[in-house]
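For reference, work-v1.txt is printed below; it contains compact mmCIF, C-alpha atoms.
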```
# COMPACT_ATOMS: atom_id res chain seq x y z
CA MET Q 1 32.24 40.52 132.22
CA LYS Q 2 35.72 40.32 130.72
CA SER Q 3 38.67 39.28 132.77
CA ILE Q 4 41.70 41.54 133.05
CA LYS Q 5 43.59 38.69 131.38
CA SER Q 6 41.71 39.43 128.15
CA ILE Q 7 43.66 42.67 127.65
CA TYR Q 8 47.09 41.23 128.40
CA LYS Q 9 49.09 39.07 126.04
CA ILE Q 10 52.14 37.02 126.82
CA GLY Q 11 55.07 37.22 124.43
CA LEU Q 12 58.30 35.30 124.08
CA GLY Q 13 61.24 35.77 126.37
CA PRO Q 14 61.46 37.30 129.79
CA SER Q 15 60.15 40.68 128.58
CA SER Q 16 56.94 40.66 126.57
CA SER Q 17 57.33 44.39 125.91
CA HIS Q 18 60.49 43.62 123.94
CA THR Q 19 58.84 40.91 121.85
CA MET Q 20 55.20 41.87 121.31
CA GLY Q 21 55.79 45.26 119.65
CA PRO Q 22 58.55 44.03 117.34
CA SER Q 23 56.43 40.97 116.46
CA PHE Q 24 53.46 43.16 115.56
CA ALA Q 25 55.76 45.40 113.49
CA ALA Q 26 57.19 42.39 111.63
CA GLU Q 27 53.67 41.07 110.95
CA ARG Q 28 52.59 44.47 109.65
CA PHE Q 29 55.68 44.71 107.44
CA LEU Q 30 54.91 41.27 105.96
CA GLU Q 31 51.34 42.37 105.24
CA MET Q 32 52.66 45.37 103.33
CA TYR Q 33 55.79 43.87 101.74
CA GLY Q 34 55.30 40.11 101.90
CA ASP Q 35 56.76 39.60 98.44
CA SER Q 36 60.18 40.92 99.49
CA ASP Q 37 63.23 38.74 98.87
CA TYR Q 38 65.20 40.12 101.82
CA ILE Q 39 64.43 42.18 104.91
CA LYS Q 40 66.95 44.00 107.09
CA VAL Q 41 65.73 44.67 110.63
CA ILE Q 42 67.57 47.28 112.67
CA LEU Q 43 66.80 47.47 116.37
CA TYR Q 44 67.61 50.65 118.29
CA GLY Q 45 67.64 51.79 121.90
CA SER Q 46 66.60 49.33 124.58
CA LEU Q 47 65.53 46.80 121.93
CA ALA Q 48 69.11 46.71 120.65
CA LYS Q 49 70.74 46.75 124.07
CA THR Q 50 68.66 43.89 125.49
CA GLY Q 51 67.41 42.28 122.27
CA GLU Q 52 69.12 38.91 122.40
CA GLY Q 53 68.63 38.47 126.12
CA HIS Q 54 64.96 39.42 125.98
CA GLY Q 55 64.17 37.39 122.87
CA THR Q 56 63.47 40.25 120.47
CA ASP Q 57 65.56 38.63 117.74
CA ARG Q 58 63.81 35.25 118.18
CA ALA Q 59 60.36 36.86 118.11
CA VAL Q 60 61.08 38.79 114.90
CA SER Q 61 62.85 35.85 113.26
CA GLY Q 62 59.85 33.66 114.00
CA ILE Q 63 57.57 36.05 112.11
CA LEU Q 64 60.03 36.53 109.23
CA ALA Q 65 60.96 32.84 109.01
CA ASP Q 66 59.86 32.48 105.38
CA VAL Q 67 61.84 35.52 104.19
CA SER Q 68 65.60 35.88 104.13
CA HIS Q 69 66.44 38.45 106.80
CA ASP Q 70 69.13 39.88 109.05
CA ILE Q 71 68.66 41.48 112.44
CA ILE Q 72 71.11 44.21 113.41
CA PHE Q 73 71.44 45.52 116.95
CA ASP Q 74 72.39 49.22 116.70
CA CYS Q 75 73.44 50.18 120.22
CA GLU Q 76 75.34 53.27 119.09
CA SER Q 77 72.75 55.49 117.39
CA GLU Q 78 70.82 58.00 119.45
CA THR Q 79 67.07 57.46 119.41
```

Starting from the file, give its structure as structure tokens.
Amino acid sequence: MKSIKSIYKIGLGPSSSHTMGPSFAAERFLEMYGDSDYIKVILYGSLAKTGEGHGTDRAVSGILADVSHDIIFDCESET
């Protein structure tokens, strides 16, 4: 029998929901475009509004560490 812990994962920061999804997206992007010289990441909505405090930027930067990248927090656009 599997434990309930087998379906949960722990991410960085105080909010795993704000790090796990963006981390998976960054990993997927690297799989598809790993030969890119530069990547611009734009976070919207709650990811932008709480990104630094919840560790979203650190999680994404950790995945994209080998590629030059910028992370932009767009708190103004409607999502």

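Of the residues under consideration (Q:Ser3, Q:His18, Q:Ser68, Q:Asp74), Q:His18 shows the shortest atom-to-atom contact distance to His54 of chain Q when counting only C-alpha atoms.
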
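The two atoms in question, atom CA of Lys40 of chain Q and atom CA of Glu52 of chain Q, are spaced 16.3 Å apart.
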
_If we count only C-alpha atoms and set the cut-off at 10 Å, which residues sit around Thr50 of chain Q, ignoring sequence neighbours fewer than 5 positions away in its own chain? Please answer as a PyMOL selection string._
chain Q and resi 15+18+43-45+55-57+73+75

*From the list Q:Ser36, Q:Ser46, Q:Ser61, Q:Ser77, which residue is nearest Ser23 of chain Q when using only C-alpha atoms?*
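Closest candidate: Q:Ser61.
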
_So that I can see what lies close to Asp70 of chain Q, please list as an MDAnalysis selection string the residues with an atom at most 7 Å from it, counting all atoms listed in the file and leaving out residues fewer than 2 positions away in the same chain._
chainID Q and resid 39:41 72

*Go through Q:Ala48, Q:Met32, Q:Met20, Q:Ala26 and flag the residue nearest Ile63 of chain Q, using all atoms listed in the file for the distances.*
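Selected residue with least distance to Ile63 of chain Q: Q:Ala26.
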
*Return the single residue from Q:Gly62, Q:Glu78, Q:Asp37, Q:Gly53 that is closest to Pro22 of chain Q, with distances computed using all atoms listed in the file.*
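Going through Q:Gly62, Q:Glu78, Q:Asp37, Q:Gly53 one by one, the smallest distance to Pro22 of chain Q is for Q:Gly62.
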
*Could you work out how far atom CA of Val67 of chain Q lies from atom CA of Leu47 of chain Q, giving the answer in Å with one decimal?*
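We find that atom CA of Leu47 of chain Q and atom CA of Val67 of chain Q lie 21.3 Å from each other.
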
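When all atoms listed in the file are used to compute distances to Ala59 of chain Q, the closest of the residues Q:Ile71, Q:Glu31, Q:Thr19, Q:Phe24 turns out to be Q:Thr19.
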
*Suppose you want the space between atom CA of Leu30 of chain Q and atom CA of Glu76 of chain Q; what is it in Å?*
27.1 Å

Segment 27-53 of chain Q written out with N, CA and C atoms as a CSV table (one decimal), in the first residue's frame:
```
chain,number,residue,atom,x,y,z
Q,27,GLU,N,11.7,23.2,-16.2
Q,27,GLU,CA,12.3,21.9,-16.7
Q,27,GLU,C,11.8,21.6,-18.1
Q,28,ARG,N,10.5,21.7,-18.3
Q,28,ARG,CA,9.9,21.4,-19.6
Q,28,ARG,C,10.5,22.3,-20.7
Q,29,PHE,N,10.6,23.6,-20.4
Q,29,PHE,CA,11.1,24.5,-21.3
Q,29,PHE,C,12.6,24.2,-21.7
Q,30,LEU,N,13.4,23.8,-20.7
Q,30,LEU,CA,14.8,23.3,-21.0
Q,30,LEU,C,14.8,22.1,-21.9
Q,31,GLU,N,13.9,21.2,-21.7
Q,31,GLU,CA,13.8,20.0,-22.5
Q,31,GLU,C,13.5,20.4,-24.0
Q,32,MET,N,12.7,21.4,-24.2
Q,32,MET,CA,12.3,21.8,-25.5
Q,32,MET,C,13.3,22.7,-26.1
Q,33,TYR,N,13.9,23.6,-25.3
Q,33,TYR,CA,14.7,24.7,-25.8
Q,33,TYR,C,16.0,24.8,-25.1
Q,34,GLY,N,16.6,23.7,-24.7
Q,34,GLY,CA,17.8,23.7,-23.9
Q,34,GLY,C,19.0,24.4,-24.6
Q,35,ASP,N,19.0,24.6,-25.9
Q,35,ASP,CA,20.1,25.2,-26.5
Q,35,ASP,C,20.0,26.7,-26.6
Q,36,SER,N,19.0,27.3,-25.9
Q,36,SER,CA,18.8,28.7,-25.9
Q,36,SER,C,20.0,29.4,-25.2
Q,37,ASP,N,20.3,30.6,-25.7
Q,37,ASP,CA,21.3,31.5,-25.1
Q,37,ASP,C,20.8,32.3,-24.0
Q,38,TYR,N,19.5,32.6,-24.0
Q,38,TYR,CA,18.9,33.5,-23.1
Q,38,TYR,C,17.4,33.2,-22.9
Q,39,ILE,N,16.9,33.2,-21.7
Q,39,ILE,CA,15.5,32.9,-21.5
Q,39,ILE,C,14.9,34.1,-20.6
Q,40,LYS,N,13.8,34.6,-21.0
Q,40,LYS,CA,13.1,35.6,-20.2
Q,40,LYS,C,11.9,34.9,-19.6
Q,41,VAL,N,11.8,35.0,-18.3
Q,41,VAL,CA,10.6,34.4,-17.6
Q,41,VAL,C,9.8,35.5,-17.1
Q,42,ILE,N,8.5,35.5,-17.4
Q,42,ILE,CA,7.6,36.5,-16.9
Q,42,ILE,C,6.5,35.8,-16.1
Q,43,LEU,N,6.5,36.2,-14.8
Q,43,LEU,CA,5.5,35.7,-13.9
Q,43,LEU,C,4.3,36.6,-13.8
Q,44,TYR,N,3.1,36.1,-13.8
Q,44,TYR,CA,1.9,36.8,-13.7
Q,44,TYR,C,1.1,36.4,-12.5
Q,45,GLY,N,0.1,37.2,-12.2
Q,45,GLY,CA,-0.9,36.9,-11.1
Q,45,GLY,C,-0.2,36.7,-9.8
Q,46,SER,N,-0.7,35.7,-9.0
Q,46,SER,CA,-0.2,35.5,-7.7
Q,46,SER,C,1.2,35.1,-7.7
Q,47,LEU,N,1.7,34.5,-8.8
Q,47,LEU,CA,3.2,34.1,-8.8
Q,47,LEU,C,4.0,35.4,-8.9
Q,48,ALA,N,3.5,36.4,-9.5
Q,48,ALA,CA,4.3,37.7,-9.6
Q,48,ALA,C,4.1,38.5,-8.3
Q,49,LYS,N,2.9,38.4,-7.7
Q,49,LYS,CA,2.7,39.2,-6.5
Q,49,LYS,C,3.4,38.6,-5.2
Q,50,THR,N,3.6,37.3,-5.2
Q,50,THR,CA,4.2,36.7,-4.0
Q,50,THR,C,5.5,36.0,-4.4
Q,51,GLY,N,6.0,36.1,-5.6
Q,51,GLY,CA,7.1,35.4,-6.2
Q,51,GLY,C,8.4,35.4,-5.4
Q,52,GLU,N,8.9,36.5,-5.0
Q,52,GLU,CA,10.1,36.6,-4.2
Q,52,GLU,C,9.9,36.1,-2.8
Q,53,GLY,N,8.8,36.4,-2.2
Q,53,GLY,CA,8.6,35.9,-0.8
Q,53,GLY,C,8.3,34.4,-0.8
```
